[in-house]
file upload_21.cif (mmCIF, C-alpha atoms)
data_my_file
loop_
_atom_site.group_PDB
_atom_site.id
_atom_site.type_symbol
_atom_site.label_atom_id
_atom_site.label_comp_id
_atom_site.auth_asym_id
_atom_site.auth_seq_id
_atom_site.Cartn_x
_atom_site.Cartn_y
_atom_site.Cartn_z
ATOM 1 C CA MET U 1 29.688 -59.168 52.896
ATOM 2 C CA ARG U 2 29.078 -59.248 49.161
ATOM 3 C CA ARG U 3 25.789 -57.346 49.536
ATOM 4 C CA LEU U 4 27.482 -54.786 51.751
ATOM 5 C CA ARG U 5 30.210 -54.207 49.157
ATOM 6 C CA ILE U 6 27.629 -53.750 46.391
ATOM 7 C CA ALA U 7 25.664 -51.275 48.521
ATOM 8 C CA THR U 8 28.847 -49.325 49.259
ATOM 9 C CA ILE U 9 29.742 -49.096 45.567
ATOM 10 C CA VAL U 10 26.233 -47.950 44.627
ATOM 11 C CA LEU U 11 26.249 -45.298 47.359
ATOM 12 C CA SER U 12 29.659 -44.030 46.255
ATOM 13 C CA CYS U 13 28.491 -43.722 42.649
ATOM 14 C CA ALA U 14 25.365 -41.855 43.751
ATOM 15 C CA MET U 15 27.467 -39.413 45.759
ATOM 16 C CA LEU U 16 29.675 -38.729 42.734
ATOM 17 C CA VAL U 17 26.649 -38.074 40.531
ATOM 18 C CA LEU U 18 24.899 -35.853 43.069
ATOM 19 C CA ALA U 19 27.996 -34.010 44.243
ATOM 20 C CA PRO U 20 27.518 -30.994 41.922
ATOM 21 C CA THR U 21 23.950 -30.528 43.207
ATOM 22 C CA LEU U 22 24.700 -30.852 46.900
ATOM 23 C CA ALA U 23 26.110 -27.346 47.050
ATOM 24 C CA GLU U 24 26.000 -24.492 44.586
ATOM 25 C CA ALA U 25 28.723 -21.898 45.146
ATOM 26 C CA ALA U 26 28.278 -18.211 44.297
ATOM 27 C CA ALA U 27 25.360 -16.712 42.423
ATOM 28 C CA GLY U 28 25.074 -18.315 38.997
ATOM 29 C CA ASN U 29 28.079 -20.640 39.345
ATOM 30 C CA SER U 30 25.920 -23.713 38.816
ATOM 31 C CA ARG U 31 24.972 -23.088 35.175
ATOM 32 C CA SER U 32 24.551 -20.544 32.383
ATOM 33 C CA MET U 33 21.152 -18.893 32.611
ATOM 34 C CA GLY U 34 19.147 -15.804 31.701
ATOM 35 C CA SER U 35 18.263 -13.883 28.556
ATOM 36 C CA ARG U 36 20.190 -11.599 26.210
ATOM 37 C CA GLY U 37 17.429 -10.266 23.983
ATOM 38 C CA SER U 38 17.901 -11.150 20.330
ATOM 39 C CA GLN U 39 21.435 -12.333 21.147
ATOM 40 C CA THR U 40 20.302 -15.002 23.632
ATOM 41 C CA TYR U 41 21.339 -17.896 21.395
ATOM 42 C CA VAL U 42 24.033 -16.101 19.395
ATOM 43 C CA PRO U 43 27.531 -17.454 20.270
ATOM 44 C CA ASN U 44 29.740 -14.912 22.058
ATOM 45 C CA GLY U 45 32.687 -16.999 23.254
ATOM 46 C CA ALA U 46 31.094 -18.036 26.564
ATOM 47 C CA ALA U 47 29.100 -21.157 27.386
ATOM 48 C CA PRO U 48 25.644 -21.224 25.726
ATOM 49 C CA LEU U 49 22.696 -20.432 27.976
ATOM 50 C CA SER U 50 21.234 -23.674 29.311
ATOM 51 C CA ARG U 51 18.238 -21.989 30.969
ATOM 52 C CA SER U 52 16.344 -19.095 29.423
ATOM 53 C CA MET U 53 12.786 -17.845 29.157
ATOM 54 C CA THR U 54 13.535 -16.591 25.658
ATOM 55 C CA PRO U 55 12.098 -19.101 23.170
ATOM 56 C CA GLN U 56 14.438 -20.827 20.767
ATOM 57 C CA PRO U 57 14.419 -19.219 17.295
ATOM 58 C CA SER U 58 12.745 -21.122 14.484
ATOM 59 C CA PRO U 59 15.129 -22.962 12.177
ATOM 60 C CA SER U 60 15.970 -21.312 8.879
ATOM 61 C CA PRO U 61 13.602 -22.383 6.073
ATOM 62 C CA GLN U 62 14.902 -25.188 3.942
ATOM 63 C CA TYR U 63 14.144 -25.165 0.251
ATOM 64 C CA LEU U 64 13.224 -28.547 -1.142
ATOM 65 C CA PRO U 65 12.624 -29.507 -4.754
ATOM 66 C CA ARG U 66 8.961 -29.909 -5.632
ATOM 67 C CA PRO U 67 8.439 -32.427 -8.419
ATOM 68 C CA SER U 68 6.525 -31.004 -11.365
ATOM 69 C CA PRO U 69 3.611 -32.869 -12.919
ATOM 70 C CA SER U 70 5.550 -33.365 -16.142
ATOM 71 C CA LEU U 71 5.323 -36.495 -18.181
ATOM 72 C CA PRO U 72 8.147 -39.016 -17.723
ATOM 73 C CA MET U 73 11.239 -38.191 -19.738
ATOM 74 C CA GLY U 74 13.050 -40.686 -21.937
ATOM 75 C CA GLY U 75 11.782 -43.838 -23.604
ATOM 76 C CA GLY U 76 9.940 -44.230 -26.882
ATOM 77 C CA PHE U 77 6.666 -42.767 -28.072
ATOM 78 C CA PHE U 78 4.513 -45.458 -26.530
ATOM 79 C CA SER U 79 6.341 -45.361 -23.163
ATOM 80 C CA GLN U 80 5.626 -41.604 -22.929
ATOM 81 C CA HIS U 81 1.998 -41.976 -23.999
ATOM 82 C CA PRO U 82 0.238 -44.762 -22.058
ATOM 83 C CA PHE U 83 -2.983 -44.111 -23.925
ATOM 84 C CA MET U 84 -1.424 -45.030 -27.252
ATOM 85 C CA SER U 85 0.366 -48.073 -25.873
ATOM 86 C CA GLY U 86 -2.858 -49.328 -24.295
ATOM 87 C CA LEU U 87 -4.805 -48.699 -27.478
ATOM 88 C CA MET U 88 -2.354 -50.540 -29.688
ATOM 89 C CA GLY U 89 -2.156 -53.393 -27.195
ATOM 90 C CA GLY U 90 -5.904 -53.717 -27.353
ATOM 91 C CA PHE U 91 -5.877 -53.764 -31.136
ATOM 92 C CA ILE U 92 -3.195 -56.428 -31.320
ATOM 93 C CA GLY U 93 -4.893 -58.487 -28.615
ATOM 94 C CA ALA U 94 -8.183 -58.311 -30.461
ATOM 95 C CA GLY U 95 -6.500 -59.491 -33.678
ATOM 96 C CA ILE U 96 -4.778 -62.402 -31.971
ATOM 97 C CA ALA U 97 -7.973 -63.407 -30.215
ATOM 98 C CA GLY U 98 -9.856 -63.374 -33.505
ATOM 99 C CA MET U 99 -7.303 -65.605 -35.166
ATOM 100 C CA LEU U 100 -7.329 -68.049 -32.283
ATOM 101 C CA PHE U 101 -11.087 -68.448 -32.535
ATOM 102 C CA GLY U 102 -10.872 -68.935 -36.280
ATOM 103 C CA HIS U 103 -12.586 -65.690 -37.288
ATOM 104 C CA GLY U 104 -9.500 -63.776 -38.347
ATOM 105 C CA ALA U 105 -9.747 -60.069 -39.054
ATOM 106 C CA TYR U 106 -10.975 -60.045 -42.631
ATOM 107 C CA ALA U 107 -11.979 -56.880 -44.396
ATOM 108 C CA ALA U 108 -14.690 -56.585 -46.968
ATOM 109 C CA ASP U 109 -12.277 -57.500 -49.790
ATOM 110 C CA ALA U 110 -11.528 -60.910 -48.168
ATOM 111 C CA SER U 111 -7.805 -60.005 -47.773
ATOM 112 C CA PRO U 112 -6.998 -60.957 -44.167
ATOM 113 C CA THR U 113 -3.630 -59.190 -43.908
ATOM 114 C CA GLY U 114 -4.560 -56.028 -45.748
ATOM 115 C CA GLY U 115 -7.917 -55.763 -43.998
ATOM 116 C CA MET U 116 -6.417 -56.101 -40.528
ATOM 117 C CA LEU U 117 -3.623 -53.572 -41.155
ATOM 118 C CA GLY U 118 -6.046 -51.115 -42.693
ATOM 119 C CA LEU U 119 -8.395 -51.369 -39.736
ATOM 120 C CA LEU U 120 -5.531 -50.925 -37.281
ATOM 121 C CA LEU U 121 -4.241 -47.903 -39.172
ATOM 122 C CA GLN U 122 -7.631 -46.246 -39.130
ATOM 123 C CA LEU U 123 -8.177 -46.914 -35.449
ATOM 124 C CA ALA U 124 -4.645 -45.689 -34.572
ATOM 125 C CA LEU U 125 -5.267 -42.485 -36.512
ATOM 126 C CA ILE U 126 -8.583 -41.876 -34.743
ATOM 127 C CA GLY U 127 -6.996 -42.669 -31.343
ATOM 128 C CA GLY U 128 -4.113 -40.258 -32.009
ATOM 129 C CA LEU U 129 -6.506 -37.443 -32.904
ATOM 130 C CA ILE U 130 -8.489 -38.059 -29.733
ATOM 131 C CA TYR U 131 -5.298 -38.074 -27.622
ATOM 132 C CA PHE U 132 -3.988 -34.767 -28.983
ATOM 133 C CA ALA U 133 -7.421 -33.162 -28.605
ATOM 134 C CA VAL U 134 -7.608 -34.208 -24.946
ATOM 135 C CA ARG U 135 -4.049 -32.974 -24.283
ATOM 136 C CA LEU U 136 -4.779 -29.599 -25.885
ATOM 137 C CA PHE U 137 -7.943 -29.210 -23.800
ATOM 138 C CA ARG U 138 -6.047 -29.996 -20.577
ATOM 139 C CA ARG U 139 -3.353 -27.421 -21.340
ATOM 140 C CA ARG U 140 -5.940 -24.710 -21.824
ATOM 141 C CA ALA U 141 -7.755 -25.696 -18.616
ATOM 142 C CA ASP U 142 -4.533 -25.804 -16.476
ATOM 143 C CA PRO U 143 -2.161 -22.807 -16.980
ATOM 144 C CA SER U 144 0.502 -24.506 -14.820
ATOM 145 C CA ALA U 145 0.908 -27.148 -17.524
ATOM 146 C CA ALA U 146 2.950 -24.625 -19.507
ATOM 147 C CA GLY U 147 5.839 -25.238 -17.113
ATOM 148 C CA LEU U 148 5.979 -28.976 -17.526
ATOM 149 C CA GLY U 149 9.442 -30.418 -17.275
ATOM 150 C CA GLN U 150 10.713 -27.680 -14.891
ATOM 151 C CA THR U 151 11.616 -28.100 -11.190
ATOM 152 C CA SER U 152 10.110 -25.622 -8.722
ATOM 153 C CA TYR U 153 11.310 -24.830 -5.150
ATOM 154 C CA TYR U 154 9.328 -24.013 -2.045
ATOM 155 C CA ALA U 155 10.057 -23.151 1.561
ATOM 156 C CA ALA U 156 9.418 -25.964 4.035
ATOM 157 C CA GLU U 157 8.562 -23.303 6.670
ATOM 158 C CA PRO U 158 8.051 -19.664 5.625
ATOM 159 C CA LEU U 159 10.168 -17.105 7.495
ATOM 160 C CA PRO U 160 7.918 -14.933 9.685
ATOM 161 C CA VAL U 161 7.635 -11.320 8.601
ATOM 162 C CA GLY U 162 10.038 -9.040 10.455
ATOM 163 C CA VAL U 163 12.277 -11.868 11.728
ATOM 164 C CA ALA U 164 15.859 -11.933 10.501
ATOM 165 C CA SER U 165 17.688 -15.242 10.196
ATOM 166 C CA SER U 166 20.866 -13.782 11.777
ATOM 167 C CA GLY U 167 19.048 -12.448 14.840
ATOM 168 C CA ARG U 168 20.916 -9.111 14.594
ATOM 169 C CA ALA U 169 18.672 -7.168 12.247
ATOM 170 C CA THR U 170 16.980 -5.180 15.047
ATOM 171 C CA ALA U 171 20.148 -4.695 17.167
ATOM 172 C CA SER U 172 22.459 -1.704 16.823
ATOM 173 C CA PRO U 173 25.676 -0.978 18.771
ATOM 174 C CA ILE U 174 25.826 1.524 21.631
ATOM 175 C CA THR U 175 28.628 3.330 23.450
ATOM 176 C CA ILE U 176 29.536 2.300 27.003
ATOM 177 C CA THR U 177 30.924 4.969 29.357
ATOM 178 C CA ASP U 178 33.148 4.795 32.436
ATOM 179 C CA ALA U 179 30.044 5.228 34.576
ATOM 180 C CA ASP U 180 28.591 2.091 32.989
ATOM 181 C CA TYR U 181 31.747 0.097 33.740
ATOM 182 C CA ALA U 182 31.585 1.230 37.366
ATOM 183 C CA ALA U 183 27.928 0.164 37.530
ATOM 184 C CA TYR U 184 28.857 -3.345 36.301
ATOM 185 C CA GLY U 185 31.461 -3.704 39.054
ATOM 186 C CA ASP U 186 28.981 -2.527 41.686
ATOM 187 C CA LEU U 187 26.392 -4.991 40.445
ATOM 188 C CA LEU U 188 28.875 -7.849 40.716
ATOM 189 C CA THR U 189 29.574 -6.989 44.355
ATOM 190 C CA ASN U 190 25.939 -6.308 45.277
ATOM 191 C CA VAL U 191 24.573 -9.454 43.635
ATOM 192 C CA GLN U 192 27.160 -11.750 45.221
ATOM 193 C CA THR U 193 26.778 -10.142 48.651
ATOM 194 C CA ALA U 194 22.979 -10.440 48.561
ATOM 195 C CA TRP U 195 23.337 -14.027 47.386
ATOM 196 C CA GLY U 196 25.714 -14.797 50.239
ATOM 197 C CA HIS U 197 23.094 -13.550 52.710
ATOM 198 C CA GLY U 198 20.256 -15.353 50.936
ATOM 199 C CA ASP U 199 18.476 -11.985 50.644
ATOM 200 C CA LEU U 200 15.972 -12.139 47.790
ATOM 201 C CA ALA U 201 14.640 -8.666 48.619
ATOM 202 C CA GLN U 202 18.092 -7.207 47.916
ATOM 203 C CA LEU U 203 18.594 -9.367 44.829
ATOM 204 C CA ARG U 204 15.330 -8.017 43.392
ATOM 205 C CA ARG U 205 16.949 -4.573 43.172
ATOM 206 C CA PHE U 206 19.861 -5.790 41.033
ATOM 207 C CA VAL U 207 18.541 -8.506 38.716
ATOM 208 C CA THR U 208 15.735 -9.093 36.231
ATOM 209 C CA PRO U 209 12.653 -11.073 37.347
ATOM 210 C CA GLU U 210 13.892 -14.043 35.322
ATOM 211 C CA MET U 211 17.262 -14.110 37.100
ATOM 212 C CA LEU U 212 15.525 -13.622 40.452
ATOM 213 C CA SER U 213 13.471 -16.763 39.817
ATOM 214 C CA TYR U 214 16.621 -18.793 39.097
ATOM 215 C CA PHE U 215 18.384 -17.481 42.200
ATOM 216 C CA SER U 216 15.315 -18.254 44.295
ATOM 217 C CA GLU U 217 15.278 -21.848 43.034
ATOM 218 C CA GLU U 218 18.941 -22.372 43.902
ATOM 219 C CA LEU U 219 18.615 -20.808 47.335
ATOM 220 C CA SER U 220 15.623 -23.061 48.018
ATOM 221 C CA ARG U 221 17.611 -26.094 46.869
ATOM 222 C CA ASN U 222 20.450 -25.223 49.239
ATOM 223 C CA ALA U 223 18.008 -24.586 52.092
ATOM 224 C CA SER U 224 16.330 -27.962 51.580
ATOM 225 C CA GLN U 225 19.745 -29.587 51.944
ATOM 226 C CA GLY U 226 20.533 -27.584 55.063
ATOM 227 C CA LEU U 227 23.251 -25.546 53.338
ATOM 228 C CA GLU U 228 24.077 -21.868 52.951
ATOM 229 C CA ASN U 229 26.522 -20.338 50.512
ATOM 230 C CA ARG U 230 28.766 -17.646 51.931
ATOM 231 C CA VAL U 231 30.302 -15.209 49.422
ATOM 232 C CA GLU U 232 32.442 -12.523 51.048
ATOM 233 C CA ASN U 233 35.060 -9.902 50.105
ATOM 234 C CA VAL U 234 34.149 -9.752 46.415
ATOM 235 C CA HIS U 235 36.742 -7.962 44.260
ATOM 236 C CA LEU U 236 36.547 -7.394 40.510
ATOM 237 C CA LEU U 237 40.011 -8.153 39.120
ATOM 238 C CA LYS U 238 39.340 -7.499 35.453
ATOM 239 C CA GLY U 239 36.398 -6.634 33.256
ATOM 240 C CA ASP U 240 36.293 -6.582 29.456
ATOM 241 C CA LEU U 241 33.344 -5.479 27.350
ATOM 242 C CA LEU U 242 32.385 -8.175 24.850
ATOM 243 C CA GLU U 243 29.462 -6.474 23.112
ATOM 244 C CA ALA U 244 26.874 -3.746 23.652
ATOM 245 C CA TRP U 245 23.720 -3.097 21.666
ATOM 246 C CA GLN U 246 20.187 -1.739 21.801
ATOM 247 C CA GLU U 247 16.885 -3.149 20.606
ATOM 248 C CA ASP U 248 13.211 -2.495 21.228
ATOM 249 C CA GLY U 249 13.902 0.370 23.634
ATOM 250 C CA LEU U 250 16.340 -1.651 25.778
ATOM 251 C CA GLU U 251 20.120 -1.474 26.035
ATOM 252 C CA TYR U 252 22.268 -4.572 26.596
ATOM 253 C CA ALA U 253 25.919 -5.071 27.452
ATOM 254 C CA THR U 254 27.872 -8.307 27.932
ATOM 255 C CA ALA U 255 31.166 -8.153 29.830
ATOM 256 C CA SER U 256 33.745 -10.737 30.772
ATOM 257 C CA MET U 257 34.071 -10.542 34.572
ATOM 258 C CA HIS U 258 37.086 -11.973 36.386
ATOM 259 C CA TRP U 259 36.704 -11.666 40.165
ATOM 260 C CA SER U 260 37.812 -13.155 43.464
ATOM 261 C CA ALA U 261 35.908 -13.845 46.693
ATOM 262 C CA GLN U 262 35.811 -16.066 49.726
ATOM 263 C CA ASP U 263 33.308 -18.647 48.562
ATOM 264 C CA TYR U 264 32.339 -21.584 50.792
ATOM 265 C CA MET U 265 29.361 -23.611 51.991
ATOM 266 C CA VAL U 266 28.226 -23.962 55.622
ATOM 267 C CA ARG U 267 25.606 -26.084 57.346
ATOM 268 C CA SER U 268 22.621 -24.052 58.463
ATOM 269 C CA ASP U 269 22.034 -26.204 61.571
ATOM 270 C CA ARG U 270 25.586 -25.685 62.852
ATOM 271 C CA GLY U 271 27.350 -22.747 64.451
ATOM 272 C CA PRO U 272 30.705 -21.193 63.489
ATOM 273 C CA THR U 273 32.327 -22.894 66.481
ATOM 274 C CA ASP U 274 31.201 -26.377 65.469
ATOM 275 C CA PRO U 275 33.901 -28.487 63.813
ATOM 276 C CA ASP U 276 31.625 -29.513 60.911
ATOM 277 C CA TYR U 277 30.222 -26.020 60.324
ATOM 278 C CA VAL U 278 31.996 -25.657 56.953
ATOM 279 C CA ALA U 279 30.580 -28.152 54.435
ATOM 280 C CA ARG U 280 32.772 -27.197 51.471
ATOM 281 C CA GLY U 281 35.484 -24.722 50.617
ATOM 282 C CA LEU U 282 38.032 -22.794 52.668
ATOM 283 C CA PRO U 283 36.732 -19.603 54.297
ATOM 284 C CA ALA U 284 40.197 -18.053 54.545
ATOM 285 C CA LYS U 285 41.236 -18.773 50.946
ATOM 286 C CA PRO U 286 39.807 -16.547 48.161
ATOM 287 C CA VAL U 287 38.889 -18.245 44.867
ATOM 288 C CA GLU U 288 38.904 -16.664 41.426
ATOM 289 C CA THR U 289 36.036 -16.969 38.944
ATOM 290 C CA SER U 290 35.566 -15.923 35.311
ATOM 291 C CA GLU U 291 32.079 -15.478 33.858
ATOM 292 C CA ALA U 292 30.292 -13.458 31.194
ATOM 293 C CA TRP U 293 27.596 -11.218 32.675
ATOM 294 C CA THR U 294 24.939 -9.528 30.557
ATOM 295 C CA PHE U 295 23.287 -6.359 31.835
ATOM 296 C CA VAL U 296 20.116 -4.688 30.586
ATOM 297 C CA ARG U 297 18.394 -1.369 31.176
ATOM 298 C CA SER U 298 15.704 0.779 29.693
ATOM 299 C CA ARG U 299 17.039 3.962 28.159
ATOM 300 C CA GLY U 300 17.973 6.289 30.988
ATOM 301 C CA GLY U 301 17.382 3.590 33.652
ATOM 302 C CA HIS U 302 19.617 1.531 35.907
ATOM 303 C CA TRP U 303 21.502 -1.560 34.793
ATOM 304 C CA LEU U 304 20.212 -4.974 35.926
ATOM 305 C CA LEU U 305 21.785 -8.397 35.631
ATOM 306 C CA SER U 306 19.939 -10.371 32.939
ATOM 307 C CA ALA U 307 22.217 -13.362 32.244
ATOM 308 C CA ILE U 308 25.270 -15.235 33.531
ATOM 309 C CA GLN U 309 27.351 -17.482 31.265
ATOM 310 C CA GLN U 310 30.120 -19.760 32.447
ATOM 311 C CA ALA U 311 33.493 -19.343 30.774
ATOM 312 C CA ASN U 312 34.380 -21.960 28.140
#
call {"tool": "encode", "arguments": {"input": "upload_21.cif", "output": "structure tokens"}}
result
Amino acid sequence: MRRLRIATIVLSCAMLVLAPTLAEAAAGNSRSMGSRGSQTYVPNGAAPLSRSMTPQPSPSPQYLPRPSPSLPMGGGFFSQHPFMSGLMGGFIGAGIAGMLFGHGAYAADASPTGGMLGLLLQLALIGGLIYFAVRLFRRRADPSAAGLGQTSYYAAEPLPVGVASSGRATASPITITDADYAAYGDLLTNVQTAWGHGDLAQLRRFVTPEMLSYFSEELSRNASQGLENRVENVHLLKGDLLEAWQEDGLEYATASMHWSAQDYMVRSDRGPTDPDYVARGLPAKPVETSEAWTFVRSRGGHWLLSAIQQAN
């Protein structure tokens, strides 16, 4: 009994997880998909597109500080000039070593202290001249050394030529006429009716190739599960234009579409008279749906559906 209870719980959880995929109602109701030209990933108040053949834009270049090859700031003379500190350390070490071995650091006049200090002073002077000569030579050989102590900035990824960071540089607004609004309503009805009949040949007349591929995938998924989505009596209740623009010889328009239809799922291996013919939904009860539809056309051509976004 314990194993049976565990199996029942697991099966119930699996059904809850898979429930959204067992039946997809209406064309595009499963997810936001398609392309909107340069505005594909620009927020417009609807759900972001989860499926699109338009590549994601490159992130904006970030400017990061590039450390300059300047010498370390702060500290004393010897901390800023390792050569001098090393030289003096060598001199002092040599003097101490000489005294330890009993030789001292005597000069020619037999004065140990004066001879050692005089020798150190001469060597320090020679070392300083050598250091400044080397530094002067390096400055002449490397023009960038003139900017020592300054911080430069560079782009982590250069912005490609002709690409605007806002994504709207190439888009300009257009005017939508009453004939265009009527075309959007007709497309809503035609697309949903063709979807309800599972007619890809009809859908090809009203949608872009990208949208046709998505619809084909969803129809195939339903068919593999033995289901068919019926969408009947489609009525546009309200339509509001969200934005309209043109770019690269194409015209786009995104509209908020609020519509009603009889939307239900049936089993393909059953007949209308069978008691389990309807798998989901109520055939006699219309349901209302709100989505953002984007249409595209070449100048002077017919509008096609290019994207569907679910309402937030």
call {"tool": "resolve_selection", "arguments": {"input": "upload_21.cif", "expression": "the PyMOL selection byres ((chain U and resi 274-289) around 10)", "output": "VMD selection string"}}
result
chain U and resid 22 to 23 25 to 26 29 227 to 237 257 to 273 290 to 291 310 to 311
call {"tool": "atom_distance", "arguments": {"input": "upload_21.cif", "atom1": "atom CA of U:Gly34", "atom2": "atom CA of U:Tyr184"}}
result
16.5 Å
call {"tool": "resolve_selection", "arguments": {"input": "upload_21.cif", "expression": "the PyMOL selection byres ((chain U and resi 256) around 7)", "output": "list in words"}}
result
Gly239, Asp240, Leu241, Leu242, Thr254, Ala255, Met257, His258, Glu291, Ala292 and Trp293 of chain U
call {"tool": "atom_distance", "arguments": {"input": "upload_21.cif", "atom1": "atom CA of U:Trp303", "atom2": "atom CA of U:Met33"}}
result
17.5 Å
call {"tool": "atom_distance", "arguments": {"input": "upload_21.cif", "atom1": "atom CA of U:Pro59", "atom2": "atom CA of U:Pro209"}}
result
27.9 Å
call {"tool": "axis_aligned_box", "arguments": {"input": "upload_21.cif", "around": "stretch 228-237 of chain U", "padding_each_side": "8 Å", "output": "AutoDock Vina command-line options"}}
result
--center_x 32.0 --center_y -14.6 --center_z 46.0 --size_x 31.9 --size_y 30.5 --size_z 29.8
call {"tool": "closest_residue", "arguments": {"input": "upload_21.cif", "among": "U:Thr208, U:Ser298, U:Ser172, U:Ser224", "to": "U:Ala244", "atoms": "all atoms listed in the file"}}
result
U:Ser172
call {"tool": "closest_residue", "arguments": {"input": "upload_21.cif", "among": "U:Tyr252, U:Trp245, U:Trp195, U:Phe206", "to": "U:Ser220", "atoms": "only C-alpha atoms"}}
result
U:Trp195
call {"tool": "closest_residue", "arguments": {"input": "upload_21.cif", "among": "U:Tyr41, U:Glu247, U:Leu212, U:Ile126", "to": "U:Arg297", "atoms": "all atoms listed in the file"}}
result
U:Glu247
call {"tool": "closest_residue", "arguments": {"input": "upload_21.cif", "among": "U:Arg31, U:Lys238, U:Arg36, U:Arg299", "to": "U:Tyr181", "atoms": "all atoms listed in the file"}}
result
U:Lys238
call {"tool": "closest_residue", "arguments": {"input": "upload_21.cif", "among": "U:Ser32, U:Tyr214, U:Gly300, U:Gly196", "to": "U:Ala47", "atoms": "only C-alpha atoms"}}
result
U:Ser32
call {"tool": "residues_around", "arguments": {"input": "upload_21.cif", "residues": "U:Ser216", "least_positions_apart": "5", "cutoff": "12 Å", "atoms": "all atoms listed in the file", "output": "VMD selection string"}}
result
chain U and resid 27 to 28 194 to 195 198 to 204 207 209 to 211 221 to 223
call {"tool": "resolve_selection", "arguments": {"input": "upload_21.cif", "expression": "the PyMOL selection byres ((chain U and resi 53) around 9)", "output": "PyMOL selection string"}}
result
chain U and resi 34-35+51-52+54-55+210
call {"tool": "closest_residue", "arguments": {"input": "upload_21.cif", "among": "U:Ala46, U:Ala253, U:Val296, U:Asp248", "to": "U:Thr170", "atoms": "only C-alpha atoms"}}
result
U:Asp248
